[in-house]
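Structure first, then comments.
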Amino acid sequence: MSGHATNLRFKLPAICFLLQLFTIILFAVFVRYDQETSARLWHEELSHHNKSNRDNDFYFRYPSFQDVHTMIFIGFGFLMTFLKRYGFGSVAFNFLIAAFAIQWSTLIQGFFHSFHDGKIHIGIESMINADFCSGAVLISFGAVLGKTSPIQLLLMALFEVTLFGINEYVLLSLIGAKDAGGSMTIHTFGAYFGLMVSRVLYRPQLDKSRQREGSVYHSDLFAMIGTIYLWLFWPSFNSAITTHGDDQQRTVMNTYFSLAASTLATFGTSALINGEGKLDMVHIQNAALAGGVMVGTSGEMMLTPFGAMIAGFLAGLVSTLGFKFLTPILDSRLKIQDTCGVHNLHGMPGVLGALLGALVAALATQDVYGDGMADVFPFIADGSRTATYQGICQLFALLITLGFAVVGGSLVGAALKIRLLGSPPDTQCFDDQIYWEVPEDHQDGYMRAVNSEDPERSASV
Amino acid sequence: MSGHATNLRFKLPAICFLLQLFTIILFAVFVRYDQETSARLWHEELSHHNKSNRDNDFYFRYPSFQDVHTMIFIGFGFLMTFLKRYGFGSVAFNFLIAAFAIQWSTLIQGFFHSFHDGKIHIGIESMINADFCSGAVLISFGAVLGKTSPIQLLLMALFEVTLFGINEYVLLSLIGAKDAGGSMTIHTFGAYFGLMVSRVLYRPQLDKSRQREGSVYHSDLFAMIGTIYLWLFWPSFNSAITTHGDDQQRTVMNTYFSLAASTLATFGTSALINGEGKLDMVHIQNAALAGGVMVGTSGEMMLTPFGAMIAGFLAGLVSTLGFKFLTPILDSRLKIQDTCGVHNLHGMPGVLGALLGALVAALATQDVYGDGMADVFPFIADGSRTATYQGICQLFALLITLGFAVVGGSLVGAALKIRLLGSPPDTQCFDDQIYWEVPEDHQDGYMRAVNSEDPERSASV
Amino acid sequence: MSGHATNLRFKLPAICFLLQLFTIILFAVFVRYDQETSARLWHEELSHHNKSNRDNDFYFRYPSFQDVHTMIFIGFGFLMTFLKRYGFGSVAFNFLIAAFAIQWSTLIQGFFHSFHDGKIHIGIESMINADFCSGAVLISFGAVLGKTSPIQLLLMALFEVTLFGINEYVLLSLIGAKDAGGSMTIHTFGAYFGLMVSRVLYRPQLDKSRQREGSVYHSDLFAMIGTIYLWLFWPSFNSAITTHGDDQQRTVMNTYFSLAASTLATFGTSALINGEGKLDMVHIQNAALAGGVMVGTSGEMMLTPFGAMIAGFLAGLVSTLGFKFLTPILDSRLKIQDTCGVHNLHGMPGVLGALLGALVAALATQDVYGDGMADVFPFIADGSRTATYQGICQLFALLITLGFAVVGGSLVGAALKIRLLGSPPDTQCFDDQIYWEVPEDHQDGYMRAVNSEDPERSASV
């Protein structure tokens with residue numbers, strides 16, 4: 001174990017304090033309140049532009065922000081507690097890397113999107129975007145869950161946030177693609193980035209830890225807390241930064257129906273592919289959410305409610321099948337060990353969602369969108385693009401995202417191979433004991449009793 | 001077990017896929033975005049009616065909607081996880097049937113309330129109402145929890161949502177009753193419907209599964225997640241579709257105080273009726289919520305804060321006493337096996353809430369309501385009804401609801417007796433193992449150890 | 001045990017019913033809907049003051065209220081479930097005393113802040129303030145957790161809420177101090193009040209219950225639900241009653257960054273002070289929240305984002321160090337047994353937050369605040385105070401708060417020593433069994449198995 005140098009006594013404080021200090025310095029130099037957050041500037045707005053306090057974007061977006069915030073820290077965090085002996089690491093490393101990522105992405109996204117006169121100006125929208133970006137990092141975390149140290153995770157967040165910002169800038173600002181709910185920027189990017197990191201960090205001897213890769217009864221219930229919150233608030237996620245008015249409400253509604261349909265598809269498919277007709281918690285915890293990923297791009301468009309349902313249904317179906325048939329192949333053939341199955345929940349539904357977005361964009365007509373066209377497709381509204389061309393741009397955006405994710409994930413994975421980053425040995429993956437003070441019942445007692453594959457158990461009984 | 005045909009391998013996929021497909025087709029034919037969700041229509045509103053985006057109902061109701069949504073999926077779902085071996089079924093079947101019910105009720109309620117020119121128009125208010133309707137189904141689910149297959153539950157949802165829609169239409173549109181928080185339409189209807197289903201599905205041999213009907217220590221904590229969320233967000237539930245302005249705020253406040261008082265009543269009563277003065281988690285988990293049910297009808301009225309407290313106090317008292325004294329009688333005398341005690345939480349408080357609503361309506365005066373009368377009692381405001389007559393209408397609405405629930409529940413219960421619907425045998429009720437892949441600790445190990453009444457245990461120890 | 005008279009059969013009902021009855025009578029006499037909650041008064045506002053429904057404060061504050069509400073009942077409640085055998089008492093006594101405190105504080109705060117023409121007028125802001133006040137009581141609860149009966153807790157709430165109201169009135173109305181997020185009024189007051197109660201109730205023989213003072217694996221996960229919700233919604237807490245517009249948004253943003261920085265500080269420090277470099281769940285569950293306490297006073301001011309980060313970083317650092325080095329000293333030297341470590345999470349960060357608030361107030365300039373000065377520092381804006389003098393007032397407010405807390409806590413602690421209040425004996429602290437019907441697995445079975453220090457275990461194995 002000493003070869004792996006998993007003692008974090010000095011390394012973890014060093015990286016936490018350095019990253020935080022560095023961030024604080026950059027904030028001090030570059031980051032300022034925007035015109036809605038600054039006492040002086042907002043009151044100038046009020047008096048010069050005949051605004052009232054209720055025009056402050058806070059009242060349009062704060063409820064959505066808090067839903068997104070809950071998804072990031074409760075949703076992702078508890079979804080990953082399904083592992084029987086890795087609950088602390090799941091929810092708490094999720095907490096740590098998201099807490100760093102929201103700060104770092106405020107800087108990165110700020111440089112690209114709200115850098116004026118040498119300063120980054122921030123407000124409620126930058127907070128939502130920072131949470132979005134940390135979502136991508138947490139998706140990647142799902143692919144490497146249990147096999148990485150918190151130091152590796154913080155470094156992954158540092159690099160991934162940076163690349164996320166570049167990719168997002170290319171997509172939204174250079175290509176003019178639409179992706180309000182992040183089928184491409186968040187889900188596709190986060191999933192394939194994480195899968196490539198996992199590929200580079202492939203552990204041929206991971207079988208030594210397999211007996212800890214499952215769940216216990218109550219860890220599956222903790223995971224359902226994460227699942228249900230993600231499911232509930234996904235409509236807020238997809239709509240959080242769409243235009244005020246019909247756009248926000250329509251995005252909510254499309255996502256709501258897509259998720260409902262993906263839930264029925266998941267239950268049906270889960271029973272179908274199990275030899276005894278029994279349902280599998282892994283599918284319910286994950287694939288039922290695929291409907292939210294699926295309409296991440298198209299949710300703000302005039303998708304129609306039944307269109308959203310068809311999309312969600314397909315996503316739930318494909319995602320469940322992926323867990324059954326694709327995950328084992330990824331592991332055995334492609335050497336990609338995907339702990340949480342992010343390829344099924346975020347990868348495939350993200351790509352399908354991007355394709356659906358391209359299709360719906362290409363079908364946009366003035367008759368359907370009316371004066372609302374300018375909010376959804378400004379380039380079509382101002383005549384600088386045809387709907388077909390917008391659709392092609394969307395496809396192009398998907399390809400670029402895949403490129404950034406695959407190349408970036410490979411490079412970052414290589415960087416994380418450095419030995420002194422505290423990665424756990426193959427025999428101690430998926431186990432909190434390596435990084436945490438754990439209560440006695442985790443070390444022995446009932447945890448051993450419930451794990452019948454644990455070799456020590458046979459000896460002791 | 002084969003006689004019960006509990007293998008769902010083809011049945012569950014068949015019903016999930018058929019119901020979803022059928023729903024999608026009906027949505028494609030009938031359902032359209034309303035004027036606040038459609039890009040074209042909303043922008044016509046903006047330009048023709050001098051509105052601004054902040055007039056979109058989304059900003060008045062979306063936070064309440066998300067609270068209601070949380071109650072339906074987290075609140076009801078986790079409240080039912082108190083059973084030691086039925087946590088998966090509780091939270092996940094809750095998830096499944098609610099995901100179907102919100103779609104189906106969008107159609108049913110749409111036909112009755114927003115069907116114009118051959119189309120149903122939907123927006124944020126229809127989403128809230130769909131969640132409300134699924135709440136009634138989940139209340140019924142509580143009465144039959146652990147004793148029904150997911151197929152039976154989906155069929156129950158299909159029929160119950162339909163009847164709910166008819167009953168709601170009769171109450172609100174034909175009789176002109178007020179019931180914003182659903183003391184009648186949701187709680188009374190859902191409870192007595194479910195109790196009748198349970199009566200028809202009576203299992204004389206249920207004692208064979210009684211040893212699994214209790215809780216373990218941590219399952220009671222999971223249930224408290226559900227309880228607290230229901231308690232927290234009940235003010236949002238009762239106010240979600242009341243008129244903008246004072247109505248929403250007043251409903252929130254009345255519900256807040258009613259719930260607080262029912263909590264103190266529950267703790268006091270729970271200690272009082274226990275021989276040793278100990279508190280009972282079943283009471284805390286359920287009866288503390290009765291205050292929310294109790295003001296479901298009257299919450300939007302000028303109930304006064306102390307009136308709300310008296311109402312809540314009585315509800316908590318009656319509900320706790322019901323768990324102690326009435327539930328055993330329902331079981332032994334009336335052959336109604338009410339797993340979650342929905343008669344105590346939703347049945348009696350629902351009826352009392354309806355009576356309270358009739359009383360408060362009959363006492364309405366112009367002096368107290370002023371120009372706000374039109375929002376709360378439009379028929380009194382326009383002179384077409386006296387307050388007394390409104391009160392009588394409220395009473396009449398209660399009777400109709402009870403009739404629909406009892407007759408409907410009996411008929412649907414009879415339909416669910418069909419053998420091939422996969423109902424569990426008497427020896428395997430309250431056990432996830434029959435429908436779920438369960439981790440090993442559920443099958444043996446500590447679960448057996450913690451269940452001292454399990455006959456196998458004595459043998460193995 | 002009979003000497004301790006822990007049987008609550010008549011005592012708990014008596015106090016619950018009496019307190020509730022007394023509260024209802026006072027509400028009936030004094031409490032009325034305010035002009036935004038009353039049907040008549042709000043409609044007079046609408047017609048006489050040219051307002052629209054969207055001006056109702058409900059739409060500015062209800063989402064924040066619900067976040068605060070969640071913190072009080074889920075956040076505090078589950079945070080304290082970390083104890084292995086006291087989960088019921090943690091979440092449910094939290095529920096009970098908060099349900100009483102919000103009613104009682106509506107009266108107390110109402111007499112001081114909204115008493116006109118002999119009546120207290122209440123609305124959404126009074127609900128937020130009532131929840132705030134109950135937060136202080138729950139902080140004190142954390143100091144005495146597991147060592148007090150529900151009767152003692154209700155009496156503590158009765159007295160503490162009253163003192164809270166007086167202290168708050170002195171600070172905000174007489175001294176004109178600013179404390180929107182309650183670094184002083186809530187955190188400093190609640191912590192030192194509770195610590196003094198714990199000091200007076202010192203148990204020299206508490207070692208007899210020490211083996212139950214730890215956690216088990218899943219109880220730590222339940223506690224993380226509380227932690228994460230507190231962390232997520234702290235921005236809403238600090239901003240819930242600040243002025244509309246920039247103030248609310250700025251407070252949210254400052255709190256968001258402070259919390260993020262305190263999280264990194266906590267992880268780093270936790271690893272650093274552990275001999276083996278392992279992380280400690282106690283630190284993560286608590287110290288990561290210190291950033292929210294720290295900016296309770298200064299959050300609404302022009303603290304700057306990087307200032308918020310520095311503040312949060314220091315708070316996380318100090319709080320974590322406190323758990324390691326100060327808590328043992330408080331216990332051994334000062335005879336203060338602080339079950340949850342509230343001195344580290346609320347006490348020190350509260351005092352530091354008050355000092356920071358004084359500093360930032362003293363640095364306020366017209367150039368930075370512009371016309372927004374009147375919202376944040378009305379006395380500076382109207383020329384009746386200099387910034388320096390405002391800062392001095394803030395310091396003075398801290399001293400008064402400490403005085404009220406220390407003297408009040410001592411007196412209340414003395415009152416709670418009365419023997420018939422049902423306090424648990426030293427051998428049965430931190431155990432639900434004394435006040436609760438518990439499932440069998442709590443009484444024996446795996447709970448015994450997981451507690452290797454339990455003396456009975458050695459005997460039985």
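How things are named: the first chain in the structure tokens is A, the next is B, and so on; residues count from 1 in each chain; ligands count from 1 in the order shown.
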
Exercise for review: Report as a ChimeraX atom specification the set of chain C residues whose atoms approach chain B to within 7 Å, with distances computed over only C-alpha atoms.
Suggested key: /C:7-10,12-13,16-17,20,24,27-28,36-40,42-43,53-54,56,58-59,63,69-70,73-74,96,99-100,435-437,439-442,445-446

Just C-alpha atoms for this one: save the residues we selected as a PDB file, in the first residue's frame.
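Printed below is again.pdb as written:
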```pdb
ATOM      1  CA  ASN C   7     -41.947   7.755  32.174  1.00  0.00           C
ATOM      2  CA  LEU C   8     -43.593  10.501  30.126  1.00  0.00           C
ATOM      3  CA  ARG C   9     -47.087   9.055  29.974  1.00  0.00           C
ATOM      4  CA  PHE C  10     -48.776  12.008  31.626  1.00  0.00           C
ATOM      5  CA  LEU C  12     -45.468  14.893  27.988  1.00  0.00           C
ATOM      6  CA  PRO C  13     -49.168  15.066  27.043  1.00  0.00           C
ATOM      7  CA  CYS C  16     -47.781  19.484  24.850  1.00  0.00           C
ATOM      8  CA  PHE C  17     -51.483  20.137  25.363  1.00  0.00           C
ATOM      9  CA  GLN C  20     -50.593  24.342  22.534  1.00  0.00           C
ATOM     10  CA  ILE C  24     -54.017  29.047  20.667  1.00  0.00           C
ATOM     11  CA  PHE C  27     -53.278  33.689  18.954  1.00  0.00           C
ATOM     12  CA  ALA C  28     -57.036  34.090  19.229  1.00  0.00           C
ATOM     13  CA  GLU C  36     -50.891  40.776   2.383  1.00  0.00           C
ATOM     14  CA  THR C  37     -52.616  37.736   3.851  1.00  0.00           C
ATOM     15  CA  SER C  38     -56.067  39.099   4.571  1.00  0.00           C
ATOM     16  CA  ALA C  39     -58.571  38.881   1.733  1.00  0.00           C
ATOM     17  CA  ARG C  40     -60.066  42.273   2.530  1.00  0.00           C
ATOM     18  CA  TRP C  42     -54.916  42.883   0.300  1.00  0.00           C
ATOM     19  CA  HIS C  43     -57.710  43.791  -2.068  1.00  0.00           C
ATOM     20  CA  ASN C  53     -50.737  40.463  -7.165  1.00  0.00           C
ATOM     21  CA  ARG C  54     -47.133  40.004  -8.142  1.00  0.00           C
ATOM     22  CA  ASN C  56     -47.324  40.455  -2.874  1.00  0.00           C
ATOM     23  CA  PHE C  58     -45.107  36.008  -1.143  1.00  0.00           C
ATOM     24  CA  TYR C  59     -43.537  35.884  -4.613  1.00  0.00           C
ATOM     25  CA  PRO C  63     -39.040  30.064  -2.253  1.00  0.00           C
ATOM     26  CA  HIS C  69     -38.034  25.536   6.425  1.00  0.00           C
ATOM     27  CA  THR C  70     -36.185  22.574   4.918  1.00  0.00           C
ATOM     28  CA  PHE C  73     -36.663  20.394   9.861  1.00  0.00           C
ATOM     29  CA  ILE C  74     -34.568  18.262   7.495  1.00  0.00           C
ATOM     30  CA  LEU C  96     -41.388  18.629  18.071  1.00  0.00           C
ATOM     31  CA  ALA C  99     -43.065  22.914  15.672  1.00  0.00           C
ATOM     32  CA  PHE C 100     -43.627  24.553  19.020  1.00  0.00           C
ATOM     33  CA  TYR C 435     -38.464   7.504  25.252  1.00  0.00           C
ATOM     34  CA  TRP C 436     -39.410   5.432  22.199  1.00  0.00           C
ATOM     35  CA  GLU C 437     -40.966   2.196  21.156  1.00  0.00           C
ATOM     36  CA  PRO C 439     -37.898  -2.017  16.636  1.00  0.00           C
ATOM     37  CA  GLU C 440     -36.245  -5.196  17.799  1.00  0.00           C
ATOM     38  CA  ASP C 441     -33.051  -4.634  15.872  1.00  0.00           C
ATOM     39  CA  HIS C 442     -32.410  -1.611  18.046  1.00  0.00           C
ATOM     40  CA  GLY C 445     -29.559  -8.157  17.163  1.00  0.00           C
ATOM     41  CA  TYR C 446     -27.262  -6.287  14.855  1.00  0.00           C
TER      42      TYR C 446
END
```

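From atom CA of C:Thr106 back to atom CA of C:Lys119, the distance works out to 12.2 Å.
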
Exercise for review: Considering only C-alpha atoms, return as a PyMOL selection string whatever protein or nucleic-acid residues lie within 6 Å of A:Thr81, sequence-local ones (same chain, fewer than 2 positions apart) excluded.
Suggested key: chain A and resi 78-79+83+87+90+223

Please produce a file of those selected residues containing N, CA and C atoms, as a PDB file, in the first residue's frame.
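The new file result.pdb reads:
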```pdb
ATOM      1  N   PHE A  78     -25.971  11.316  -3.589  1.00  0.00           N
ATOM      2  CA  PHE A  78     -26.611  10.123  -3.045  1.00  0.00           C
ATOM      3  C   PHE A  78     -26.819   9.039  -4.088  1.00  0.00           C
ATOM      4  N   LEU A  79     -26.995   9.404  -5.344  1.00  0.00           N
ATOM      5  CA  LEU A  79     -27.113   8.377  -6.381  1.00  0.00           C
ATOM      6  C   LEU A  79     -25.943   7.401  -6.302  1.00  0.00           C
ATOM      7  N   LEU A  83     -23.079   1.884  -3.519  1.00  0.00           N
ATOM      8  CA  LEU A  83     -22.015   0.936  -3.166  1.00  0.00           C
ATOM      9  C   LEU A  83     -22.032   0.646  -1.669  1.00  0.00           C
ATOM     10  N   GLY A  87     -20.060   4.652   0.725  1.00  0.00           N
ATOM     11  CA  GLY A  87     -21.020   5.736   0.896  1.00  0.00           C
ATOM     12  C   GLY A  87     -20.381   7.060   1.272  1.00  0.00           C
ATOM     13  N   SER A  90     -18.630   8.455  -1.761  1.00  0.00           N
ATOM     14  CA  SER A  90     -19.563   8.873  -2.804  1.00  0.00           C
ATOM     15  C   SER A  90     -20.113  10.259  -2.517  1.00  0.00           C
ATOM     16  N   ALA A 223     -29.382   5.468  -2.352  1.00  0.00           N
ATOM     17  CA  ALA A 223     -29.217   5.846  -3.757  1.00  0.00           C
ATOM     18  C   ALA A 223     -30.524   6.363  -4.357  1.00  0.00           C
TER      19      ALA A 223
END
```

Practice item. One decimal, Å: what's the distance from atom CA of B:Val351 over to atom CA of B:Gly292, could you say? Key: 12.7 Å

Check your understanding: Can you tell me, as a PyMOL selection string, what residues are no more than 12 Å from A:Ile418 when counting only C-alpha atoms, ignoring any on the same chain fewer than 3 positions away?
Key -> chain A and resi 3-5+148-149+151-152+155+200-201+412-415+421-423

Convert the current residue selection to file output with C-alpha atoms, as a PDB file, in the first residue's frame.
```pdb
ATOM      1  CA  GLY A   3       3.794   1.968  -2.951  1.00  0.00           C
ATOM      2  CA  HIS A   4       0.490   3.564  -3.702  1.00  0.00           C
ATOM      3  CA  ALA A   5       1.135   6.231  -1.119  1.00  0.00           C
ATOM      4  CA  THR A 148      -9.535   7.248  -7.544  1.00  0.00           C
ATOM      5  CA  SER A 149      -8.204   9.356  -4.695  1.00  0.00           C
ATOM      6  CA  ILE A 151      -6.450  14.295  -5.096  1.00  0.00           C
ATOM      7  CA  GLN A 152      -6.917  12.719  -8.493  1.00  0.00           C
ATOM      8  CA  LEU A 155      -7.043  17.512 -10.455  1.00  0.00           C
ATOM      9  CA  VAL A 200      -6.529   5.145 -19.328  1.00  0.00           C
ATOM     10  CA  LEU A 201      -6.658   4.191 -15.649  1.00  0.00           C
ATOM     11  CA  VAL A 412      -6.168  13.958 -18.234  1.00  0.00           C
ATOM     12  CA  GLY A 413      -6.339  10.224 -17.521  1.00  0.00           C
ATOM     13  CA  ALA A 414      -2.655   9.977 -18.413  1.00  0.00           C
ATOM     14  CA  ALA A 415      -1.833  12.838 -16.066  1.00  0.00           C
ATOM     15  CA  LEU A 421      -1.610  11.100  -6.342  1.00  0.00           C
ATOM     16  CA  GLY A 422      -2.768   8.520  -3.822  1.00  0.00           C
ATOM     17  CA  SER A 423      -4.760   6.167  -6.020  1.00  0.00           C
TER      18      SER A 423
END
```

Got a sec: who's within 7 Å of C:Ile175, counting only C-alpha atoms, leaving out chain neighbours fewer than 4 positions off, as a PDB file with C-alpha atoms, in the first residue's frame?
```pdb
ATOM      1  CA  VAL C 170     -32.394  45.097  21.361  1.00  0.00           C
ATOM      2  CA  LEU C 171     -29.999  44.393  18.513  1.00  0.00           C
ATOM      3  CA  CYS C 393     -22.710  49.290  17.089  1.00  0.00           C
TER       4      CYS C 393
END
```

Please give the complete set of residues from stretch 234-392 of chain A that DSSP, run on the backbone, assigns to helix (DSSP H, G or I), formatted as a tab-separated table (two decimals) with C-alpha atoms, in the first residue's frame.
```
chain	number	residue	atom	x	y	z
A	234	TRP	CA	-34.51	17.77	-14.01
A	235	PRO	CA	-37.21	20.06	-15.44
A	236	SER	CA	-35.53	22.89	-13.51
A	237	PHE	CA	-32.13	21.83	-14.79
A	238	ASN	CA	-33.11	21.94	-18.44
A	239	SER	CA	-35.00	25.23	-18.05
A	246	ASP	CA	-42.78	30.50	-22.44
A	247	ASP	CA	-39.29	29.05	-22.91
A	248	GLN	CA	-38.81	28.22	-19.26
A	249	GLN	CA	-42.29	26.82	-18.85
A	250	ARG	CA	-42.17	24.79	-22.07
A	251	THR	CA	-38.79	23.29	-21.20
A	252	VAL	CA	-40.12	22.26	-17.81
A	253	MET	CA	-43.12	20.60	-19.33
A	254	ASN	CA	-41.22	18.74	-22.03
A	255	THR	CA	-38.76	17.40	-19.49
A	256	TYR	CA	-41.55	16.39	-17.11
A	257	PHE	CA	-43.23	14.24	-19.73
A	258	SER	CA	-40.01	12.82	-21.11
A	259	LEU	CA	-39.01	11.66	-17.64
A	260	ALA	CA	-42.41	10.12	-16.95
A	261	ALA	CA	-42.22	8.11	-20.16
A	262	SER	CA	-38.66	6.98	-19.54
A	263	THR	CA	-39.75	5.70	-16.15
A	264	LEU	CA	-42.35	3.37	-17.63
A	265	ALA	CA	-39.91	2.25	-20.30
A	266	THR	CA	-37.32	1.47	-17.66
A	267	PHE	CA	-39.61	-0.62	-15.45
A	268	GLY	CA	-40.91	-2.56	-18.43
A	269	THR	CA	-37.51	-3.21	-19.92
A	270	SER	CA	-35.93	-4.10	-16.59
A	271	ALA	CA	-38.45	-6.88	-15.98
A	272	LEU	CA	-38.17	-8.06	-19.58
A	281	MET	CA	-32.58	-1.41	-8.75
A	282	VAL	CA	-29.60	-0.39	-10.90
A	283	HIS	CA	-31.95	0.21	-13.81
A	284	ILE	CA	-34.52	2.10	-11.78
A	285	GLN	CA	-31.87	4.25	-10.14
A	286	ASN	CA	-30.34	5.26	-13.44
A	287	ALA	CA	-32.25	4.56	-16.64
A	288	ALA	CA	-35.43	6.21	-15.39
A	289	LEU	CA	-33.46	9.47	-15.53
A	290	ALA	CA	-32.41	9.08	-19.15
A	291	GLY	CA	-35.48	11.00	-20.29
A	292	GLY	CA	-34.05	14.13	-18.72
A	293	VAL	CA	-30.73	13.80	-20.53
A	294	MET	CA	-32.51	13.02	-23.77
A	305	PRO	CA	-45.57	16.87	-25.30
A	306	PHE	CA	-46.01	13.61	-27.16
A	307	GLY	CA	-42.66	14.14	-28.88
A	308	ALA	CA	-41.07	14.50	-25.45
A	309	MET	CA	-42.72	11.27	-24.38
A	310	ILE	CA	-41.45	9.33	-27.37
A	311	ALA	CA	-37.97	10.69	-26.74
A	312	GLY	CA	-38.10	9.77	-23.08
A	313	PHE	CA	-39.43	6.32	-23.79
A	314	LEU	CA	-36.59	5.58	-26.21
A	315	ALA	CA	-34.03	6.92	-23.77
A	316	GLY	CA	-35.28	4.71	-20.93
A	317	LEU	CA	-35.29	1.71	-23.22
A	318	VAL	CA	-31.81	2.25	-24.63
A	319	SER	CA	-30.36	3.08	-21.24
A	320	THR	CA	-31.73	-0.04	-19.55
A	321	LEU	CA	-30.54	-2.23	-22.40
A	322	GLY	CA	-27.14	-0.58	-22.10
A	323	PHE	CA	-26.78	-1.63	-18.48
A	324	LYS	CA	-27.60	-5.22	-19.35
A	325	PHE	CA	-25.74	-5.69	-22.60
A	326	LEU	CA	-23.25	-2.88	-23.18
A	327	THR	CA	-21.59	-2.30	-19.81
A	328	PRO	CA	-20.14	-5.82	-19.65
A	329	ILE	CA	-18.75	-5.40	-23.17
A	330	LEU	CA	-17.22	-2.02	-22.39
A	331	ASP	CA	-15.44	-3.67	-19.50
A	332	SER	CA	-14.30	-6.88	-21.16
A	342	VAL	CA	-22.50	6.71	-16.96
A	343	HIS	CA	-22.34	5.53	-20.54
A	344	ASN	CA	-25.91	4.32	-20.20
A	345	LEU	CA	-27.33	7.27	-18.33
A	346	HIS	CA	-25.35	10.17	-19.78
A	347	GLY	CA	-23.36	8.91	-22.77
A	348	MET	CA	-25.88	7.32	-25.08
A	349	PRO	CA	-28.86	9.46	-24.04
A	350	GLY	CA	-26.64	12.53	-24.39
A	351	VAL	CA	-25.69	11.66	-27.96
A	352	LEU	CA	-29.28	10.74	-28.81
A	353	GLY	CA	-30.41	13.99	-27.23
A	354	ALA	CA	-27.98	15.93	-29.38
A	355	LEU	CA	-29.26	14.19	-32.50
A	356	LEU	CA	-32.86	14.87	-31.46
A	357	GLY	CA	-31.97	18.52	-30.92
A	358	ALA	CA	-30.50	18.73	-34.41
A	359	LEU	CA	-33.62	17.16	-35.87
A	360	VAL	CA	-36.06	19.41	-34.03
A	361	ALA	CA	-33.99	22.47	-34.90
A	362	ALA	CA	-34.00	21.51	-38.57
A	366	GLN	CA	-42.03	30.37	-38.40
A	367	ASP	CA	-45.57	29.11	-38.22
A	368	VAL	CA	-44.91	27.05	-35.11
A	369	TYR	CA	-42.60	29.45	-33.28
A	370	GLY	CA	-44.12	32.80	-34.26
A	371	ASP	CA	-42.39	35.72	-32.58
A	372	GLY	CA	-40.93	33.27	-30.10
A	373	MET	CA	-38.42	32.18	-32.75
A	374	ALA	CA	-35.98	34.88	-31.68
A	375	ASP	CA	-35.74	33.39	-28.19
A	376	VAL	CA	-35.12	29.84	-29.30
A	378	PRO	CA	-32.03	33.80	-32.90
A	379	PHE	CA	-30.09	33.08	-36.09
A	380	ILE	CA	-33.14	31.64	-37.80
A	381	ALA	CA	-35.26	34.54	-36.58
A	387	ALA	CA	-33.52	25.78	-39.96
A	388	THR	CA	-31.66	23.08	-41.83
A	389	TYR	CA	-28.38	24.88	-41.36
A	390	GLN	CA	-29.09	25.28	-37.65
A	391	GLY	CA	-29.62	21.51	-37.52
A	392	ILE	CA	-26.29	20.92	-39.22
```

Practice item. Find the residues near B:Leu163: any atom within 12 Å, counting only C-alpha atoms, skip ones fewer than 5 places away on the same chain, and give them as JSON, numbers by chain. Key: {"B": [104, 105, 108, 109, 112, 133, 136, 137, 156, 157, 158, 168, 169, 170, 185, 186, 189, 190, 193, 400, 401, 403, 404, 405, 406, 407, 408, 409, 411, 412]}
